[in-house]
$ cat entry12.txt   # compact mmCIF, C-alpha atoms and all ligand atoms
# COMPACT_ATOMS: atom_id res chain seq x y z
CA MET C 1 80.95 96.87 117.37
CA VAL C 2 84.11 98.50 118.69
CA SER C 3 87.49 98.92 116.96
CA ILE C 4 90.63 99.98 118.81
CA VAL C 5 93.23 101.60 116.57
CA LEU C 6 96.73 101.14 117.98
CA PRO C 7 99.55 102.91 116.12
CA THR C 8 102.93 101.32 116.78
CA TYR C 9 106.50 102.26 116.10
CA ASN C 10 109.09 100.17 117.93
CA GLU C 11 106.71 98.80 120.53
CA VAL C 12 108.01 95.24 120.58
CA ASP C 13 107.98 95.10 124.39
CA ASN C 14 104.45 96.44 124.62
CA PHE C 15 102.18 95.37 121.80
CA LYS C 16 101.50 91.76 122.81
CA LYS C 17 100.70 92.71 126.39
CA ILE C 18 98.44 95.56 125.39
CA VAL C 19 96.57 93.37 122.90
CA ARG C 20 96.08 90.74 125.59
CA GLU C 21 94.83 93.30 128.10
CA ILE C 22 92.38 94.90 125.67
CA LEU C 23 90.98 91.46 124.86
CA THR C 24 90.52 90.76 128.58
CA VAL C 25 88.59 94.02 128.93
CA PHE C 26 86.42 93.07 125.92
CA ARG C 27 85.70 89.68 127.42
CA ASP C 28 84.98 90.87 130.97
CA ASN C 29 82.62 93.57 129.75
CA ASN C 30 80.90 91.70 126.93
CA ILE C 31 82.24 94.07 124.33
CA ASN C 32 82.15 92.94 120.72
CA GLY C 33 85.41 94.39 119.48
CA ASN C 34 88.57 94.11 117.45
CA ILE C 35 92.02 95.68 117.43
CA ILE C 36 93.74 97.31 114.46
CA ILE C 37 97.51 97.75 114.77
CA VAL C 38 99.04 100.24 112.34
CA ASP C 39 102.79 99.73 112.18
CA ASP C 40 105.27 101.78 110.15
CA ASN C 41 107.86 99.12 109.37
CA SER C 42 109.31 99.30 112.90
CA PRO C 43 113.01 98.39 112.90
CA ASP C 44 112.41 96.30 116.04
CA GLN C 45 110.05 94.06 114.04
CA THR C 46 106.85 95.02 115.88
CA GLY C 47 104.92 94.85 112.61
CA VAL C 48 106.23 91.46 111.59
CA MET C 49 105.47 89.98 114.99
CA ALA C 50 102.06 91.61 115.15
CA GLN C 51 101.27 90.13 111.74
CA ARG C 52 102.24 86.70 113.03
CA LEU C 53 100.07 87.12 116.12
CA SER C 54 97.11 88.23 114.02
CA GLU C 55 97.23 85.02 112.00
CA ASN C 56 96.07 83.18 115.14
CA MET C 57 93.38 85.77 115.85
CA PRO C 58 91.24 86.19 112.75
CA LYS C 59 88.50 88.83 113.10
CA THR C 60 90.04 89.97 116.38
CA LEU C 61 93.44 91.40 115.51
CA TYR C 62 94.14 93.16 112.23
CA VAL C 63 97.54 94.55 111.24
CA ILE C 64 98.24 97.28 108.71
CA ASN C 65 101.91 97.24 107.79
CA ARG C 66 103.04 100.44 106.13
CA GLU C 67 106.33 100.78 104.31
CA ALA C 68 107.96 103.54 106.33
CA LYS C 69 107.46 105.89 109.27
CA MET C 70 104.83 108.19 107.90
CA GLY C 71 103.62 109.80 111.10
CA LEU C 72 100.90 109.34 113.63
CA GLY C 73 98.18 111.25 111.78
CA SER C 74 98.23 109.14 108.66
CA ALA C 75 98.57 105.97 110.77
CA TYR C 76 95.33 106.81 112.57
CA ILE C 77 93.61 107.60 109.29
CA ALA C 78 94.62 104.23 107.84
CA GLY C 79 93.28 102.57 111.01
CA PHE C 80 90.03 104.57 110.93
CA LYS C 81 89.37 103.59 107.34
CA LYS C 82 89.88 99.95 108.17
CA ALA C 83 87.58 100.23 111.21
CA LEU C 84 84.83 101.83 109.08
CA PHE C 85 85.28 99.11 106.48
CA LEU C 86 84.91 96.44 109.17
CA GLY C 87 81.66 98.05 110.29
CA ALA C 88 82.70 99.52 113.66
CA ASP C 89 80.17 101.77 115.43
CA TYR C 90 82.72 103.07 117.95
CA ILE C 91 86.34 103.70 117.01
CA PHE C 92 89.02 104.22 119.65
CA GLU C 93 92.46 105.78 119.42
CA MET C 94 94.89 104.46 121.96
CA ASP C 95 98.67 104.37 122.49
CA ALA C 96 100.36 100.99 122.50
CA ASP C 97 102.70 101.84 125.38
CA PHE C 98 100.35 101.49 128.37
CA SER C 99 100.07 105.25 128.87
CA HIS C 100 96.37 104.65 128.26
CA ASN C 101 94.74 102.12 130.53
CA PRO C 102 92.58 99.62 128.61
CA HIS C 103 90.40 99.27 131.70
CA SER C 104 89.02 102.75 130.96
CA ILE C 105 87.42 101.50 127.72
CA PRO C 106 84.02 100.75 129.36
CA SER C 107 83.82 104.29 130.82
CA PHE C 108 84.37 105.73 127.35
CA LEU C 109 81.58 103.58 125.94
CA LYS C 110 79.25 104.70 128.72
CA ALA C 111 80.04 108.35 127.95
CA MET C 112 79.44 107.71 124.23
CA LYS C 113 75.72 107.25 124.96
CA ASP C 114 75.22 111.01 124.85
CA SER C 115 78.17 112.21 122.78
CA ASP C 116 79.86 111.73 119.44
CA LEU C 117 83.48 112.05 120.55
CA VAL C 118 84.74 111.22 124.01
CA ILE C 119 88.21 112.49 124.93
CA GLY C 120 90.16 111.02 127.82
CA SER C 121 91.33 114.14 129.62
CA ARG C 122 94.30 114.57 131.92
CA TYR C 123 93.28 118.11 132.74
CA ILE C 124 89.83 117.87 134.28
CA ASN C 125 88.83 116.86 137.79
CA GLY C 126 89.95 113.28 138.43
CA GLY C 127 92.44 113.25 135.55
CA SER C 128 96.24 113.37 135.91
CA THR C 129 99.64 112.42 134.53
CA LYS C 130 101.98 110.00 136.28
CA ASN C 131 105.78 109.98 136.00
CA TRP C 132 105.83 112.40 133.10
CA GLU C 133 108.89 114.65 132.83
CA LEU C 134 108.30 118.32 133.63
CA TYR C 135 109.10 119.52 130.11
CA ARG C 136 106.51 117.18 128.58
CA LYS C 137 103.93 118.31 131.10
CA LEU C 138 104.61 121.95 130.32
CA ILE C 139 104.46 121.44 126.54
CA SER C 140 101.24 119.48 126.85
CA ARG C 141 99.55 122.03 129.11
CA PHE C 142 100.76 124.98 127.07
CA GLY C 143 99.83 123.26 123.79
CA THR C 144 96.26 122.68 124.87
CA LEU C 145 95.85 126.21 126.18
CA TYR C 146 97.34 127.65 122.99
CA ALA C 147 95.14 125.61 120.65
CA LYS C 148 92.05 126.06 122.79
CA THR C 149 92.40 129.84 122.77
CA ILE C 150 93.15 130.23 119.07
CA LEU C 151 90.49 127.78 117.91
CA LYS C 152 87.95 128.80 120.56
CA LEU C 153 87.33 125.29 121.77
CA GLU C 154 86.02 124.51 125.24
CA ILE C 155 88.15 121.38 125.60
CA ASN C 156 90.69 120.96 128.38
CA ASP C 157 92.90 118.28 126.83
CA LEU C 158 93.22 118.74 123.11
CA THR C 159 96.23 116.56 122.45
CA SER C 160 95.07 113.47 124.27
CA GLY C 161 95.30 110.38 122.09
CA PHE C 162 92.90 108.31 124.14
CA ARG C 163 89.56 108.87 122.46
CA CYS C 164 86.47 107.28 121.08
CA TYR C 165 84.68 108.46 117.93
CA LYS C 166 81.25 107.53 116.76
CA ARG C 167 81.33 106.09 113.26
CA GLN C 168 79.23 108.99 111.91
CA VAL C 169 81.93 111.49 112.87
CA LEU C 170 84.64 109.73 110.89
CA GLU C 171 82.25 109.31 107.98
CA LYS C 172 81.44 113.01 107.92
CA ILE C 173 84.93 114.48 108.36
CA ASN C 174 86.95 114.27 105.17
CA LEU C 175 89.87 112.19 106.43
CA ASP C 176 91.83 112.80 103.24
CA GLN C 177 91.89 116.52 103.99
CA ILE C 178 93.52 116.22 107.41
CA GLN C 179 96.71 118.28 107.36
CA SER C 180 98.47 117.10 110.51
CA ASP C 181 100.98 114.29 110.65
CA GLY C 182 102.10 114.45 114.25
CA TYR C 183 100.32 115.05 117.52
CA SER C 184 98.45 118.06 116.17
CA PHE C 185 96.31 115.42 114.48
CA GLN C 186 94.41 115.28 117.77
CA ILE C 187 93.81 119.02 117.79
CA GLU C 188 92.70 119.06 114.15
CA MET C 189 90.31 116.15 114.63
CA ALA C 190 88.69 117.71 117.71
CA PHE C 191 88.32 121.02 115.86
CA LYS C 192 86.75 119.42 112.78
CA THR C 193 84.44 117.29 114.91
CA LYS C 194 83.16 120.43 116.62
CA LEU C 195 82.88 122.34 113.36
CA ALA C 196 80.78 119.53 111.89
CA GLY C 197 78.31 120.03 114.75
CA PHE C 198 79.05 116.93 116.82
CA LYS C 199 78.97 116.70 120.60
CA ILE C 200 82.27 116.30 122.44
CA LYS C 201 82.65 115.18 126.03
CA GLU C 202 85.70 114.73 128.25
CA ILE C 203 86.14 112.04 130.87
CA PRO C 204 89.07 111.93 133.33
CA ILE C 205 91.99 109.60 132.65
CA VAL C 206 95.27 108.94 134.41
CA PHE C 207 98.06 109.08 131.82
CA ALA C 208 101.10 107.08 132.94
CA ASP C 209 104.43 107.52 131.18
CA ARG C 210 105.67 104.48 129.28
CA LYS C 211 107.85 101.91 131.06
CA ASN C 212 109.18 100.24 127.90
CA GLY C 213 110.51 101.75 124.70
CA ILE C 214 111.00 105.41 123.88
CA SER C 215 108.76 108.33 123.02
CA LYS C 216 108.57 109.55 119.43
CA PHE C 217 107.88 113.11 120.45
CA SER C 218 110.13 115.54 118.54
CA LYS C 219 110.75 119.20 117.83
CA LYS C 220 109.24 118.71 114.39
CA ILE C 221 105.99 117.50 115.95
CA PHE C 222 105.98 120.47 118.31
CA TRP C 223 106.42 123.03 115.52
CA GLU C 224 103.85 121.36 113.35
CA ALA C 225 101.28 121.75 116.11
CA PHE C 226 102.31 125.36 116.57
CA THR C 227 101.58 126.25 112.94
CA VAL C 228 98.66 123.92 112.16
CA VAL C 229 96.52 125.68 114.76
CA TRP C 230 96.85 129.00 112.90
CA LYS C 231 96.25 127.34 109.54
CA LEU C 232 93.02 125.86 110.85
CA ARG C 233 91.94 129.19 112.23
CA PHE C 234 92.50 131.07 108.96
CA GLN C 235 90.92 128.37 106.83
CA ASN C 236 87.77 128.57 108.93
CA LYS C 237 86.85 132.21 109.17
CA GLU C 238 83.44 131.26 110.53
CA ILE C 239 84.89 130.58 114.01
CA LYS C 240 82.83 132.74 116.31
CA ASN C 241 84.56 135.44 118.30
N1 LIG C 301 102.51 103.82 113.10
C1 LIG C 301 103.09 104.83 113.78
N2 LIG C 301 102.97 104.88 115.12
C2 LIG C 301 103.56 105.91 115.78
C3 LIG C 301 104.30 106.93 115.12
N3 LIG C 301 104.76 107.81 116.06
C4 LIG C 301 104.32 107.35 117.26
N4 LIG C 301 103.60 106.19 117.11
C5 LIG C 301 102.90 105.41 118.15
O1 LIG C 301 101.93 106.28 118.72
C6 LIG C 301 101.82 106.10 120.13
C7 LIG C 301 102.17 107.40 120.85
O2 LIG C 301 103.53 107.73 120.65
P1 LIG C 301 104.59 107.97 121.83
O3 LIG C 301 105.94 107.94 121.24
O4 LIG C 301 104.31 107.05 122.96
O5 LIG C 301 104.24 109.45 122.26
P2 LIG C 301 104.16 110.11 123.73
O6 LIG C 301 103.30 109.22 124.56
O7 LIG C 301 103.53 111.44 123.48
O8 LIG C 301 105.55 110.21 124.21
C8 LIG C 301 102.72 104.92 120.46
O9 LIG C 301 101.96 103.74 120.44
C9 LIG C 301 103.75 104.96 119.31
O10 LIG C 301 104.34 103.70 119.07
C10 LIG C 301 104.41 106.84 113.68
O11 LIG C 301 105.02 107.67 113.00
N5 LIG C 301 103.79 105.79 113.08
MG MG C 302 103.47 107.32 124.84

$ encode --input "entry12.txt" --output "structure tokens"
Amino acid sequence: MVSIVLPTYNEVDNFKKIVREILTVFRDNNINGNIIIVDDNSPDQTGVMAQRLSENMPKTLYVINREAKMGLGSAYIAGFKKALFLGADYIFEMDADFSHNPHSIPSFLKAMKDSDLVIGSRYINGGSTKNWELYRKLISRFGTLYAKTILKLEINDLTSGFRCYKRQVLEKINLDQIQSDGYSFQIEMAFKTKLAGFKIKEIPIVFADRKNGISKFSKKIFWEAFTVVWKLRFQNKEIKN
């Protein structure tokens, strides 16, 4: 069984469409799956509306409504815990803003046959970004290179949020000890997956910038990533040189 964890914050123009499209992909590919929306009390009422939608979709759409904006990292963790509780074998992370194409889900599942974490990568052959502003591209590229070098990881897209984890990975990593709240969550998870001895594979994805709503990227998120990488390095002296 597959669970797709979709964090949302002010995604009122996106969430219904993305849910519908994921369900079409499930149906067309005979995937037994569900969707878990994790909303942080979005002022635009995304959470309230998602809750309403889920009432007509029992066992297909689940909604976790949190009280306030508590960050992407803890939203994913709440979604992961729910997915494990529901018995998912494969757990996806995906953005709700159509930057990640639901039609790639079957390629992830194929790649999962011989790996424990599959990362959708913008920075390998066949991968790309579409309509992304130059400054975001630079930060993303630089961020991956920075984290990859300091943590000695052979991964080309460390901040990608389009991923699939095998259940065993999320069971082994202590989710309550994750330190990142923002996008460095992705770096920390990849690092801990590797450290726990699991196999990571990248597959190419085309990342398209959102058409509706606004990005929640911020300076705070940037600086968090900058420092978390060093924290991880010093906490894990066993990283090979
Ligand atoms: N629940 C929750 N979702 C968030 C939070 N921050 C971002 N998101 C969601 O996470 C996904 C990625 O965020 P986005 O703003 O699109 O980042 P970008 O694609 O890097 O510009 C989107 O679906 C957002 O709605 C948060 O603090 N809480
Ligand atoms: Mg986005």

$ residues_near_point --input "entry12.txt" --point "(91.8, 111.0, 132.9)" --cutoff "6 Å" --atoms "all atoms listed in the file" --output "PDB file with C-alpha atoms, in the frame of the given file"
ATOM      1  CA  GLY C 120      90.160 111.020 127.820  1.00  0.00           C
ATOM      2  CA  SER C 121      91.330 114.140 129.620  1.00  0.00           C
ATOM      3  CA  ARG C 122      94.300 114.570 131.920  1.00  0.00           C
ATOM      4  CA  GLY C 127      92.440 113.250 135.550  1.00  0.00           C
ATOM      5  CA  SER C 128      96.240 113.370 135.910  1.00  0.00           C
ATOM      6  CA  PRO C 204      89.070 111.930 133.330  1.00  0.00           C
ATOM      7  CA  ILE C 205      91.990 109.600 132.650  1.00  0.00           C
ATOM      8  CA  VAL C 206      95.270 108.940 134.410  1.00  0.00           C
TER       9      VAL C 206
END

$ residues_around --input "entry12.txt" --residues "region 153-160 of chain C" --least-positions-apart "4" --cutoff "6 Å" --atoms "all atoms listed in the file" --output "PyMOL selection string"
chain C and resi 121+123+144+148+186-187

$ closest_atom_pairs --input "entry12.txt" --of "chain C" --to "ligand MG 302 (chain C)" --cutoff "6 Å" --atoms "all atoms listed in the file" --output "Markdown table"
| residue | atom | partner | partner_atom | distance |
| --- | --- | --- | --- | --- |
| C:Asp97 | CA | C:MG302 | MG | 5.6 |
| C:Ser99 | CA | C:MG302 | MG | 5.7 |
| C:Arg210 | CA | C:MG302 | MG | 5.7 |
| C:Ser215 | CA | C:MG302 | MG | 5.7 |

$ closest_residue --input "entry12.txt" --among "C:Asp13, C:Asp209, C:Asp44, C:Asp28" --to "ligand LIG 301 (chain C)" --atoms "only C-alpha atoms and all ligand atoms"
C:Asp209

$ residues_near_ligand --input "entry12.txt" --ligand "ligand LIG 301 (chain C)" --cutoff "7 Å" --atoms "all atoms listed in the file" --output "list of chain:residue names"
C:Leu6, C:Pro7, C:Thr8, C:Tyr9, C:Asn10, C:Glu11, C:Val38, C:Asp39, C:Asp40, C:Lys69, C:Met70, C:Gly71, C:Leu72, C:Ala75, C:Asp95, C:Ala96, C:Asp97, C:Ser99, C:Asp209, C:Arg210, C:Ile214, C:Ser215, C:Lys216, C:Phe217

$ residues_near_point --input "entry12.txt" --point "(96.5, 107.0, 123.9)" --cutoff "6 Å" --atoms "all atoms listed in the file" --output "JSON, numbers by chain"
{"C": [94, 95, 100, 161, 162]}

$ closest_residue --input "entry12.txt" --among "C:Val63, C:Met49, C:Leu23, C:Val118" --to "Ile37 (chain C)" --atoms "only C-alpha atoms"
C:Val63

$ closest_residue --input "entry12.txt" --among "C:Ser115, C:Ser218, C:Gln168, C:Ser184" --to "Ile203 (chain C)" --atoms "only C-alpha atoms"
C:Ser115

$ residues_around --input "entry12.txt" --residues "Arg20 (chain C)" --least-positions-apart "4" --cutoff "12 Å" --atoms "all atoms listed in the file" --output "list in words"
Asn14, Phe15, Lys16, Thr24, Val25, Phe26, Arg27, Asn34, Ile35, Leu53, Ser54, Met57, Thr60, Leu61, Ala96, Phe98, Pro102 and His103 of chain C

$ closest_residue --input "entry12.txt" --among "C:Tyr90, C:Pro43, C:Lys110, C:Gln179" --to "Met1 (chain C)" --atoms "all atoms listed in the file"
C:Tyr90

$ atom_distance --input "entry12.txt" --atom1 "CA of Leu86 (chain C)" --atom2 "CA of Phe207 (chain C)"
29.1 Å

$ atom_distance --input "entry12.txt" --atom1 "CA of Leu175 (chain C)" --atom2 "CA of Glu188 (chain C)"
10.7 Å

$ closest_residue --input "entry12.txt" --among "C:Arg52, C:Lys17, C:Lys82, C:Arg141" --to "Ile124 (chain C)" --atoms "only C-alpha atoms"
C:Arg141

$ closest_residue --input "entry12.txt" --among "C:Asn101, C:Ala83, C:Val228, C:Ile22" --to "Asp181 (chain C)" --atoms "all atoms listed in the file"
C:Val228

$ build_atoms --input "entry12.txt" --residues "region 212-233 of chain C" --atoms "N, CA and C atoms" --output "short mmCIF file (atom, residue, chain, number, x, y, z; two decimals), in the frame of the given file"
data_model
loop_
_atom_site.label_atom_id
_atom_site.label_comp_id
_atom_site.auth_asym_id
_atom_site.auth_seq_id
_atom_site.Cartn_x
_atom_site.Cartn_y
_atom_site.Cartn_z
N ASN C 212 108.32 100.86 128.92
CA ASN C 212 109.18 100.24 127.90
C ASN C 212 109.22 101.06 126.63
N GLY C 213 110.38 101.05 125.98
CA GLY C 213 110.51 101.75 124.70
C GLY C 213 110.68 103.25 124.90
N ILE C 214 110.80 103.96 123.75
CA ILE C 214 111.00 105.41 123.88
C ILE C 214 109.92 106.20 123.14
N SER C 215 109.76 107.44 123.60
CA SER C 215 108.76 108.33 123.02
C SER C 215 109.21 108.79 121.63
N LYS C 216 108.24 109.06 120.77
CA LYS C 216 108.57 109.55 119.43
C LYS C 216 108.30 111.05 119.32
N PHE C 217 108.10 111.66 120.45
CA PHE C 217 107.88 113.11 120.45
C PHE C 217 109.14 113.80 119.93
N SER C 218 108.95 114.86 119.11
CA SER C 218 110.13 115.54 118.54
C SER C 218 109.84 117.02 118.36
N LYS C 219 110.89 117.76 118.08
CA LYS C 219 110.75 119.20 117.83
C LYS C 219 109.85 119.45 116.62
N LYS C 220 110.01 118.57 115.62
CA LYS C 220 109.24 118.71 114.39
C LYS C 220 107.74 118.63 114.71
N ILE C 221 107.38 117.69 115.56
CA ILE C 221 105.99 117.50 115.95
C ILE C 221 105.47 118.73 116.70
N PHE C 222 106.33 119.27 117.55
CA PHE C 222 105.98 120.47 118.31
C PHE C 222 105.68 121.64 117.37
N TRP C 223 106.59 121.89 116.43
CA TRP C 223 106.42 123.03 115.52
C TRP C 223 105.26 122.84 114.57
N GLU C 224 105.01 121.62 114.21
CA GLU C 224 103.85 121.36 113.35
C GLU C 224 102.57 121.79 114.07
N ALA C 225 102.47 121.40 115.33
CA ALA C 225 101.28 121.75 116.11
C ALA C 225 101.14 123.27 116.21
N PHE C 226 102.28 123.90 116.41
CA PHE C 226 102.31 125.36 116.57
C PHE C 226 101.71 126.06 115.35
N THR C 227 102.04 125.57 114.15
CA THR C 227 101.58 126.25 112.94
C THR C 227 100.20 125.75 112.46
N VAL C 228 99.93 124.47 112.65
CA VAL C 228 98.66 123.92 112.16
C VAL C 228 97.47 124.66 112.78
N VAL C 229 97.61 125.00 114.06
CA VAL C 229 96.52 125.68 114.76
C VAL C 229 96.14 126.98 114.05
N TRP C 230 97.14 127.75 113.62
CA TRP C 230 96.85 129.00 112.90
C TRP C 230 96.28 128.73 111.52
N LYS C 231 96.80 127.70 110.86
CA LYS C 231 96.25 127.34 109.54
C LYS C 231 94.76 127.04 109.66
N LEU C 232 94.42 126.24 110.66
CA LEU C 232 93.02 125.86 110.85
C LEU C 232 92.16 127.09 111.11
N ARG C 233 92.70 127.99 111.89
CA ARG C 233 91.94 129.19 112.23
C ARG C 233 91.67 130.04 110.97
#
